[in-house]
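Reviewing the structure listed below.
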Amino acid sequence: MLDVNIIRQDPESIRQMLRNRNYSDTKLEAFLNADAEWRMLTEKGNALRKQRNDVSSLIPKLTGTEKTKRIDEMRLVSDEIKSIDSRLTELDTIREECVLNIPNIPHGSVPIGKDADDNVIVGEYGTRKKFKFRPKEHFEIAEALDIIDFNRGVKVAGSGFYVLKGDGARLERALINYMLDMHQDQGYKEVFTPVVVTKNAVIGTGQYPNLKDDMYWLERDDMWLNPTAEVPVTNLHQDEIFEKSELPISYTAYLPSFRREAGKHSDTRGIVRVHEFNKVEMVKFVHPDGSFDVLEKLRNDAEDIVRGLELPYRVLLLCTGDMGFAAAKCYDIELYAPGRDGWLEASSCSCFTDFQARRAKIKFRPEPHLKSEFIHTLNGSGLALPRTMVAILENYQNEDGTVTIPEVLRPYMRNQNTMG
RNA sequence: GCCGAGAUGGCCCAGCCCGGUAAGGCGCGAGCCUGGAAAGCUCGUGGCGGCAACGCCUCGGGAGUUCGAAUCUCCCUCUCGGCGCCA
């Protein structure tokens with residue numbers, strides 16, 4: 001959520017920003033209209049309240065006709081206040097709904113562009129293996145090794161779900177532990193949070209309202225299935241005020257994530273786009289100064305995971321048109337998958353400035369006697385598990401159908417070095 | 001799920017029965033005092049609108065009664081305790 005003062009002060013630059021981000025219908029104009037009326041009525045209402053307060057403190061001292069007269073007068077004033085208030089409540093609802101639908105302002109270093117084609121490739125790293133055979137796609141490998149069972153996943157939970165078996169399940173567990181351990185070494189504190197979150201939490205991080213159709217909703221309890229650990233982890237500190245000395249705070253969390261992927265058809269033959277997947281996430285709460293430098297560090301922490309796995313990858317700087325709603329700047333890390341000869345987005349690292357902090361009311365006190373200010377939040381996946389597994393299966397496959405286990409994972413798999 | 005008790009400024013806590021300017025303490029800050037400090041004293045310490053004087057709001061959330069609600073009525077949320085159920 002943006003600071004309403006910024007919207008009021010310079011609506012034209014917000015309009016330009018929305019054009020750059022490809023948001024056509026954002027209710028900015030509706031906000032401005034409602035806000036102008038709101039401010040006018042607030043002042044009017046305050047003046048009437050002042051009158052009522054003054055007379056009300058006078059009334060107990062009065063007697064007789066003077067008193068009845070005043071009470072009658074105040075009855076009219078109260079009625080007017082009531083009608084102003086009910087209009088103010090309407091306007092407030094409109095204002096809030098509008099402002100919740102306006103995305104964050106991109107950082108100056110973000111390239112302006114329409115869609116994914118305008119993203120900037122920051123760099124390509126690692127070496128691609130030369131295969132002496134046609135590299136297979138991950139589902140061919142996995143089915144042959146019987147480590148992923150697509151049909152039974154569908155049987156249990158419907159399309160878009162899958163089952164890991166044997167070495168597949170163990171590889172998943174190894175990856176989670178490897179990632180958590182590395183993030184711990186990088187200075188992140190591990191947390192394990194609820195998978196079900198409140199509506200307030202999804203508002204706090206900005207998934208609600210604009211991604212609400214992408215999340216699973218538990219109607220009976222008005223709860224939401226975690227779409228990314230960013231939600232429960234960032235909201236851990238909802239409504240809190242930190243001392244300056246407590247910042248920065250870095251968390252890492254492993255948590256299942258759920259996406260309805262409404263309108264997209266899930267890839268039933270693979271695990272590239274599924275409804276439930278594991279992910280290890282990094283979340284940071286930082287001082288507003290230098291938060292974009294922290295983003296570089298965060299991205300590097302995610303790259304460490306990929307480098308450790310010795311997978312070829314590239315880093316993209318997302319353009320204004322492709323960036324997420326709440327982000328001010330965002331890098332994607334994509335893994336190269338030789339079987340499909342394509343790139344897989346496995347991590348997204350973003351700086352949200354104070355956009356989430358304002359929604360979730362996360363503040364810090366710059367100095368003990370000074371007013372509290374909003375902190376900045378960041379997060380990044382390190383990494384999404386299914387796509388990492390796809391990349392491992394396709395990059396580490398051998399001609400005989402076996403898959404070599406990346407060296408860093410072997411300690412987590414009882415020193416086993418191949419699957420199959 | 002049932003019964004009971006609670007929710008008041010950064011933190012603690014009074015006020016509620018019996019409606020009339022939200023008291024006090026802690027912490028933190030500024031000032032006075034002091035050779036310096038402690039103690040003491042004074043002031044400040046949430047949000048919104050004008051952005052200066054000022055005004056309004058704020059007692060978990062919402063609705064109602066009233067000239068006037070922290071206080072009375074109704075609904076909801078959360079916390080704690082007891083009972084029940086249970087991996």
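We name chains A, B, ... following the order of the structure tokens; residues begin at 1 in each chain, and ligands are numbered from 1 as shown.
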
Which parts of segment 6-248 of chain A does DSSP call strand (DSSP E or B) when run on the backbone here, written out as number ranges by chain?
-> A: 120-125, 148-149, 163-164, 189-191, 196-198, 217-218, 223-225, 241-243

Written selection (C-alpha atoms) as a PDB file, in the first residue's frame:
```pdb
ATOM      1  CA  VAL A 120      16.958  -7.611 -18.737  1.00  0.00           C
ATOM      2  CA  ILE A 121      19.365 -10.531 -18.516  1.00  0.00           C
ATOM      3  CA  VAL A 122      21.836  -9.614 -15.801  1.00  0.00           C
ATOM      4  CA  GLY A 123      24.107 -12.574 -16.426  1.00  0.00           C
ATOM      5  CA  GLU A 124      24.364 -16.225 -17.335  1.00  0.00           C
ATOM      6  CA  TYR A 125      26.402 -18.487 -15.102  1.00  0.00           C
ATOM      7  CA  ILE A 148       7.467 -39.440  -9.277  1.00  0.00           C
ATOM      8  CA  ASP A 149       3.949 -40.864  -9.598  1.00  0.00           C
ATOM      9  CA  VAL A 163       3.528 -38.025  -5.464  1.00  0.00           C
ATOM     10  CA  LEU A 164       7.249 -38.375  -4.799  1.00  0.00           C
ATOM     11  CA  LYS A 189      17.075 -17.845  11.500  1.00  0.00           C
ATOM     12  CA  GLU A 190      14.980 -20.866  10.673  1.00  0.00           C
ATOM     13  CA  VAL A 191      11.248 -20.712  11.398  1.00  0.00           C
ATOM     14  CA  VAL A 196      -3.065 -21.837   6.968  1.00  0.00           C
ATOM     15  CA  VAL A 197      -3.202 -18.066   7.287  1.00  0.00           C
ATOM     16  CA  THR A 198      -5.806 -15.410   8.033  1.00  0.00           C
ATOM     17  CA  TRP A 217      -9.795 -20.315   0.365  1.00  0.00           C
ATOM     18  CA  LEU A 218     -11.253 -22.258   3.297  1.00  0.00           C
ATOM     19  CA  MET A 223      -8.756 -18.917   6.112  1.00  0.00           C
ATOM     20  CA  TRP A 224      -6.325 -19.176   3.210  1.00  0.00           C
ATOM     21  CA  LEU A 225      -3.834 -21.872   2.265  1.00  0.00           C
ATOM     22  CA  ILE A 241       7.521  -1.764  16.491  1.00  0.00           C
ATOM     23  CA  PHE A 242      11.205  -2.677  16.485  1.00  0.00           C
ATOM     24  CA  GLU A 243      14.053  -0.876  18.151  1.00  0.00           C
TER      25      GLU A 243
END
```

Identify every residue of chain A that has at least one atom within 8 Å of any atom of chain B, counting only C-alpha atoms (C1' of nucleotides), and report the result as a PDB file with N, CA and C atoms, in the first residue's frame.
```pdb
ATOM      1  N   ARG A  39     -12.018  14.308   2.697  1.00  0.00           N
ATOM      2  CA  ARG A  39     -11.336  15.374   3.442  1.00  0.00           C
ATOM      3  C   ARG A  39     -12.273  16.535   3.739  1.00  0.00           C
ATOM      4  N   THR A  42     -14.676  15.365   6.421  1.00  0.00           N
ATOM      5  CA  THR A  42     -14.012  15.192   7.710  1.00  0.00           C
ATOM      6  C   THR A  42     -13.920  16.523   8.434  1.00  0.00           C
ATOM      7  N   GLU A  43     -13.554  17.553   7.682  1.00  0.00           N
ATOM      8  CA  GLU A  43     -13.452  18.871   8.296  1.00  0.00           C
ATOM      9  C   GLU A  43     -14.801  19.376   8.774  1.00  0.00           C
ATOM     10  N   ASN A  46     -15.784  17.462  11.830  1.00  0.00           N
ATOM     11  CA  ASN A  46     -15.005  17.885  12.993  1.00  0.00           C
ATOM     12  C   ASN A  46     -15.527  19.185  13.577  1.00  0.00           C
ATOM     13  N   ALA A  47     -15.921  20.108  12.710  1.00  0.00           N
ATOM     14  CA  ALA A  47     -16.443  21.385  13.192  1.00  0.00           C
ATOM     15  C   ALA A  47     -17.730  21.172  13.981  1.00  0.00           C
ATOM     16  N   ARG A  49     -18.610  18.392  15.509  1.00  0.00           N
ATOM     17  CA  ARG A  49     -18.249  17.706  16.751  1.00  0.00           C
ATOM     18  C   ARG A  49     -17.756  18.689  17.802  1.00  0.00           C
ATOM     19  N   LYS A  50     -16.961  19.626  17.315  1.00  0.00           N
ATOM     20  CA  LYS A  50     -16.439  20.661  18.223  1.00  0.00           C
ATOM     21  C   LYS A  50     -17.609  21.390  18.889  1.00  0.00           C
ATOM     22  N   ASN A  53     -19.263  19.028  21.365  1.00  0.00           N
ATOM     23  CA  ASN A  53     -18.447  18.867  22.567  1.00  0.00           C
ATOM     24  C   ASN A  53     -18.565  20.070  23.479  1.00  0.00           C
ATOM     25  N   SER A  56     -22.103  20.177  24.938  1.00  0.00           N
ATOM     26  CA  SER A  56     -22.329  19.045  25.841  1.00  0.00           C
ATOM     27  C   SER A  56     -21.719  19.272  27.207  1.00  0.00           C
ATOM     28  N   SER A  57     -20.573  19.936  27.233  1.00  0.00           N
ATOM     29  CA  SER A  57     -19.951  20.165  28.544  1.00  0.00           C
ATOM     30  C   SER A  57     -20.666  21.288  29.284  1.00  0.00           C
ATOM     31  N   ILE A  59     -24.153  21.676  29.074  1.00  0.00           N
ATOM     32  CA  ILE A  59     -25.498  21.214  29.407  1.00  0.00           C
ATOM     33  C   ILE A  59     -25.701  20.852  30.880  1.00  0.00           C
ATOM     34  N   PRO A  60     -24.771  20.074  31.495  1.00  0.00           N
ATOM     35  CA  PRO A  60     -25.033  19.721  32.908  1.00  0.00           C
ATOM     36  C   PRO A  60     -25.133  20.932  33.832  1.00  0.00           C
ATOM     37  N   ARG A  70     -31.069  23.861  24.368  1.00  0.00           N
ATOM     38  CA  ARG A  70     -29.745  23.393  23.928  1.00  0.00           C
ATOM     39  C   ARG A  70     -29.790  21.920  23.493  1.00  0.00           C
ATOM     40  N   ILE A  71     -30.493  21.117  24.290  1.00  0.00           N
ATOM     41  CA  ILE A  71     -30.583  19.694  23.963  1.00  0.00           C
ATOM     42  C   ILE A  71     -31.268  19.491  22.621  1.00  0.00           C
ATOM     43  N   ASP A  72     -32.316  20.269  22.384  1.00  0.00           N
ATOM     44  CA  ASP A  72     -33.012  20.174  21.096  1.00  0.00           C
ATOM     45  C   ASP A  72     -32.090  20.554  19.939  1.00  0.00           C
ATOM     46  N   GLU A  73     -31.318  21.633  20.164  1.00  0.00           N
ATOM     47  CA  GLU A  73     -30.363  22.045  19.140  1.00  0.00           C
ATOM     48  C   GLU A  73     -29.365  20.935  18.836  1.00  0.00           C
ATOM     49  N   MET A  74     -28.855  20.343  19.914  1.00  0.00           N
ATOM     50  CA  MET A  74     -27.814  19.325  19.752  1.00  0.00           C
ATOM     51  C   MET A  74     -28.358  18.070  19.080  1.00  0.00           C
ATOM     52  N   ARG A  75     -29.650  17.834  19.256  1.00  0.00           N
ATOM     53  CA  ARG A  75     -30.257  16.682  18.602  1.00  0.00           C
ATOM     54  C   ARG A  75     -30.107  16.815  17.077  1.00  0.00           C
ATOM     55  N   PRO A 368      14.911   6.557  20.365  1.00  0.00           N
ATOM     56  CA  PRO A 368      13.907   6.303  21.402  1.00  0.00           C
ATOM     57  C   PRO A 368      12.792   7.341  21.498  1.00  0.00           C
ATOM     58  N   HIS A 369      13.085   8.623  21.279  1.00  0.00           N
ATOM     59  CA  HIS A 369      12.060   9.636  21.463  1.00  0.00           C
ATOM     60  C   HIS A 369      11.363  10.003  20.153  1.00  0.00           C
TER      61      HIS A 369
END
```

Please identify which residues in segment 41-283 of chain A DSSP calls helix (DSSP H, G or I) from the backbone, and express them as a VMD selection string.
-> chain A and resid 41 to 61 64 to 100 116 to 118 138 to 145 150 to 157 167 to 185 199 to 204 212 to 214 219 to 221 230 to 237 244 to 246

Which value, in Å to one decimal, gives the distance between atom CA of Gly420 of chain A and atom CA of Phe133 of chain A?
->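 Computed distance, atom CA of Gly420 of chain A to atom CA of Phe133 of chain A, equals 18.0 Å.
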
Would you give me, as a Markdown table, each residue of segment 144-199 of chain A having an atom within 9 Å of an atom of segment 386-390 of chain A, along with its shortest atom pair and that distance in Å to one decimal, using only C-alpha atoms and sorting by chain and residue number?
```
| residue | atom | partner | partner_atom | distance |
| --- | --- | --- | --- | --- |
| A:Gly168 | CA | A:Met389 | CA | 8.8 |
| A:Leu171 | CA | A:Met389 | CA | 8.1 |
| A:Glu172 | CA | A:Met389 | CA | 7.6 |
| A:Leu175 | CA | A:Met389 | CA | 8.6 |
```

Would you output that residue set with C-alpha atoms, as a CSV table (one decimal), in the first residue's frame?
```csv
chain,number,residue,atom,x,y,z
A,168,GLY,CA,12.4,-38.8,-5.3
A,171,LEU,CA,15.9,-36.1,-2.8
A,172,GLU,CA,13.2,-33.6,-1.9
A,175,LEU,CA,17.2,-30.4,-0.9
```

Separation of atom CA of Ala229 of chain A from atom CA of Val283 of chain A in Å =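 Going from atom CA of Val283 of chain A over to atom CA of Ala229 of chain A covers 8.7 Å.
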
For the atom pair atom CA of Arg19 of chain A and atom CA of Asp3 of chain A, what is the interatomic distance in Å to one decimal place?
->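 Atom-to-atom, atom CA of Arg19 of chain A and atom CA of Asp3 of chain A are spaced 19.0 Å apart.
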
Polymer residues at most 12 Å from Lys165 of chain A, only C-alpha atoms (C1' of nucleotides), same-chain spacing of 5 or more positions, as number ranges by chain | A: 142-143, 145-150, 152-153, 170-173, 419

For the residues selected in the previous step, produce a file with C-alpha atoms as a PDB file, in the first residue's frame.
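Full text of selection_6.pdb as output:
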```pdb
ATOM      1  CA  ALA A 142      11.271 -39.713 -13.163  1.00  0.00           C
ATOM      2  CA  GLU A 143       8.703 -42.191 -14.438  1.00  0.00           C
ATOM      3  CA  LEU A 145      13.040 -44.441 -12.144  1.00  0.00           C
ATOM      4  CA  ASP A 146       9.635 -44.577 -10.423  1.00  0.00           C
ATOM      5  CA  ILE A 147      10.457 -41.590  -8.255  1.00  0.00           C
ATOM      6  CA  ILE A 148       7.467 -39.440  -9.277  1.00  0.00           C
ATOM      7  CA  ASP A 149       3.949 -40.864  -9.598  1.00  0.00           C
ATOM      8  CA  PHE A 150       1.708 -38.488 -11.489  1.00  0.00           C
ATOM      9  CA  ARG A 152      -1.611 -41.474  -8.151  1.00  0.00           C
ATOM     10  CA  GLY A 153      -1.155 -37.806  -7.273  1.00  0.00           C
ATOM     11  CA  ARG A 170      14.468 -38.521  -0.296  1.00  0.00           C
ATOM     12  CA  LEU A 171      15.930 -36.058  -2.810  1.00  0.00           C
ATOM     13  CA  GLU A 172      13.170 -33.593  -1.918  1.00  0.00           C
ATOM     14  CA  ARG A 173      14.015 -33.919   1.767  1.00  0.00           C
ATOM     15  CA  MET A 419      19.571 -42.681  -8.351  1.00  0.00           C
TER      16      MET A 419
END
```

So which residues touch segment 345-357 of chain A within 7 Å, counting only C-alpha atoms (C1' of nucleotides), skipping near sequence neighbours fewer than 4 positions away, as a ChimeraX atom specification?
-> /A:1-2,104,204-206,292,295,299,326-335,361-362,374-384,387-388

Could you please take those selected residues and save N, CA and C atoms as a short mmCIF file (atom, residue, chain, number, x, y, z; two decimals), in the first residue's frame?
```
data_model
loop_
_atom_site.label_atom_id
_atom_site.label_comp_id
_atom_site.auth_asym_id
_atom_site.auth_seq_id
_atom_site.Cartn_x
_atom_site.Cartn_y
_atom_site.Cartn_z
N MET A 1 0.84 -1.19 0.00
CA MET A 1 0.00 0.00 0.00
C MET A 1 0.88 1.24 0.00
N LEU A 2 0.53 2.18 -0.85
CA LEU A 2 1.30 3.42 -0.92
C LEU A 2 0.84 4.38 0.16
N ASN A 104 2.98 -1.10 -6.03
CA ASN A 104 4.13 -0.35 -5.51
C ASN A 104 4.82 0.43 -6.63
N GLY A 204 -1.83 -8.24 4.36
CA GLY A 204 -0.57 -7.66 4.83
C GLY A 204 0.55 -7.74 3.82
N THR A 205 0.68 -8.84 3.13
CA THR A 205 1.78 -8.98 2.19
C THR A 205 1.36 -8.66 0.76
N GLY A 206 0.08 -8.37 0.53
CA GLY A 206 -0.34 -7.87 -0.77
C GLY A 206 -0.91 -8.91 -1.73
N PHE A 292 17.89 -1.56 -0.97
CA PHE A 292 18.16 -2.10 -2.30
C PHE A 292 19.54 -2.77 -2.38
N LEU A 295 18.91 -6.18 -1.18
CA LEU A 295 18.34 -7.02 -2.23
C LEU A 295 19.46 -7.75 -3.00
N ARG A 299 19.79 -11.76 -3.26
CA ARG A 299 19.88 -12.46 -4.53
C ARG A 299 21.12 -13.35 -4.55
N ALA A 326 3.51 -5.99 -5.45
CA ALA A 326 4.03 -5.34 -4.24
C ALA A 326 5.50 -4.96 -4.36
N ALA A 327 6.17 -5.45 -5.40
CA ALA A 327 7.62 -5.27 -5.50
C ALA A 327 8.00 -3.90 -6.04
N ALA A 328 9.14 -3.39 -5.55
CA ALA A 328 9.71 -2.16 -6.09
C ALA A 328 10.86 -2.51 -7.03
N LYS A 329 11.43 -3.71 -6.84
CA LYS A 329 12.48 -4.21 -7.70
C LYS A 329 12.56 -5.71 -7.50
N CYS A 330 12.77 -6.42 -8.60
CA CYS A 330 12.70 -7.87 -8.50
C CYS A 330 13.66 -8.56 -9.47
N TYR A 331 14.41 -9.53 -8.95
CA TYR A 331 15.24 -10.38 -9.79
C TYR A 331 14.63 -11.78 -9.84
N ASP A 332 14.68 -12.40 -10.99
CA ASP A 332 14.32 -13.81 -11.09
C ASP A 332 15.58 -14.62 -11.36
N ILE A 333 15.64 -15.79 -10.75
CA ILE A 333 16.72 -16.72 -11.06
C ILE A 333 16.12 -17.88 -11.82
N GLU A 334 16.65 -18.15 -13.00
CA GLU A 334 16.11 -19.21 -13.84
C GLU A 334 17.16 -20.30 -14.03
N LEU A 335 16.72 -21.53 -13.92
CA LEU A 335 17.62 -22.67 -14.08
C LEU A 335 17.48 -23.21 -15.49
N LYS A 361 1.59 -3.04 9.11
CA LYS A 361 1.93 -2.19 10.25
C LYS A 361 3.18 -2.69 10.98
N ILE A 362 4.28 -2.75 10.25
CA ILE A 362 5.55 -3.15 10.84
C ILE A 362 6.47 -1.93 10.84
N PHE A 374 7.92 3.15 9.11
CA PHE A 374 7.80 1.82 8.53
C PHE A 374 9.17 1.29 8.14
N ILE A 375 9.36 -0.01 8.34
CA ILE A 375 10.58 -0.67 7.90
C ILE A 375 10.44 -1.05 6.43
N HIS A 376 11.46 -1.65 5.86
CA HIS A 376 11.36 -2.23 4.53
C HIS A 376 11.42 -3.75 4.63
N THR A 377 10.66 -4.43 3.77
CA THR A 377 10.71 -5.90 3.76
C THR A 377 11.25 -6.39 2.42
N LEU A 378 11.88 -7.55 2.47
CA LEU A 378 12.38 -8.21 1.26
C LEU A 378 12.13 -9.70 1.39
N ASN A 379 12.02 -10.36 0.27
CA ASN A 379 12.05 -11.81 0.34
C ASN A 379 12.49 -12.41 -0.97
N GLY A 380 12.88 -13.67 -0.86
CA GLY A 380 13.33 -14.38 -2.05
C GLY A 380 13.19 -15.86 -1.82
N SER A 381 12.89 -16.57 -2.89
CA SER A 381 12.84 -18.01 -2.73
C SER A 381 14.24 -18.54 -2.87
N GLY A 382 14.49 -19.52 -2.04
CA GLY A 382 15.83 -20.11 -2.18
C GLY A 382 15.77 -21.61 -2.03
N LEU A 383 15.14 -22.28 -2.86
CA LEU A 383 14.43 -22.10 -4.12
C LEU A 383 13.11 -22.86 -4.09
N ALA A 384 12.34 -22.75 -5.17
CA ALA A 384 11.15 -23.59 -5.32
C ALA A 384 11.61 -25.00 -5.66
N ARG A 387 10.88 -27.23 -9.43
CA ARG A 387 11.67 -26.81 -10.59
C ARG A 387 13.16 -27.08 -10.38
N THR A 388 13.60 -27.00 -9.12
CA THR A 388 14.97 -27.37 -8.83
C THR A 388 15.18 -28.84 -9.13
#
```

Fewer than 5 positions away in the same chain doesn't count, so skip those; otherwise give me all residues within 7 Å of Pro135 of chain A, counting only C-alpha atoms (C1' of nucleotides), as number ranges by chain.
-> A: 338-339, 394

Polymer residues at most 12 Å from C2 of chain B, only C-alpha atoms (C1' of nucleotides), same-chain spacing of 2 or more positions, as a VMD selection string | chain B and resid 4 82 to 85

Got time to write the residues from that selection, N, CA and C atoms (P, O5', C5', C4', C3', O3' and C1' of nucleotides), as a compact mmCIF listing (two decimals), in the first residue's frame?
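Final output, saved to result.txt:
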```txt
# COMPACT_ATOMS: atom_id res chain seq x y z
P G B 4 -21.33 -18.16 31.63
O5' G B 4 -19.96 -17.82 32.35
C5' G B 4 -19.85 -17.90 33.76
C4' G B 4 -18.42 -17.77 34.19
C3' G B 4 -17.75 -16.45 33.86
O3' G B 4 -18.11 -15.40 34.72
C1' G B 4 -16.27 -18.23 33.37
P G B 82 -6.67 -24.59 33.64
O5' G B 82 -8.20 -24.92 33.91
C5' G B 82 -8.70 -25.02 35.23
C4' G B 82 -10.19 -25.25 35.21
C3' G B 82 -10.67 -26.47 34.44
O3' G B 82 -10.52 -27.67 35.16
C1' G B 82 -12.00 -24.61 33.86
P C B 83 -10.24 -29.06 34.37
O5' C B 83 -11.64 -29.33 33.66
C5' C B 83 -12.77 -29.72 34.43
C4' C B 83 -14.00 -29.80 33.56
C3' C B 83 -13.94 -30.79 32.40
O3' C B 83 -14.12 -32.13 32.79
C1' C B 83 -14.84 -28.75 31.63
P G B 84 -13.37 -33.32 31.98
O5' G B 84 -14.13 -33.31 30.57
C5' G B 84 -15.50 -33.69 30.49
C4' G B 84 -16.01 -33.46 29.10
C3' G B 84 -15.26 -34.18 27.98
O3' G B 84 -15.67 -35.53 27.85
C1' G B 84 -15.60 -31.93 27.37
P C B 85 -14.58 -36.64 27.44
O5' C B 85 -14.31 -36.31 25.90
C5' C B 85 -15.32 -36.46 24.93
C4' C B 85 -14.86 -35.92 23.61
C3' C B 85 -13.54 -36.50 23.10
O3' C B 85 -13.72 -37.76 22.47
C1' C B 85 -13.50 -34.15 22.89
```

Got a sec: who's within 7 Å of Glu276 of chain A, counting only C-alpha atoms (C1' of nucleotides), leaving out chain neighbours fewer than 5 positions off, as a VMD selection string?
-> chain A and resid 161 256 to 259

Written selection (C-alpha atoms) as a compact mmCIF listing (two decimals), in the first residue's frame:
```
# COMPACT_ATOMS: atom_id res chain seq x y z
CA PHE A 161 -0.80 -32.84 -7.75
CA PRO A 256 4.44 -26.05 1.41
CA SER A 257 2.88 -23.49 -0.93
CA PHE A 258 -0.47 -23.71 -2.69
CA ARG A 259 -1.55 -22.11 -5.95
```

Using only C-alpha atoms, which of the listed residues (A:Asn177, A:Thr228, A:Ile7, A:Arg134) sits closest to Arg410 of chain A?
-> A:Asn177
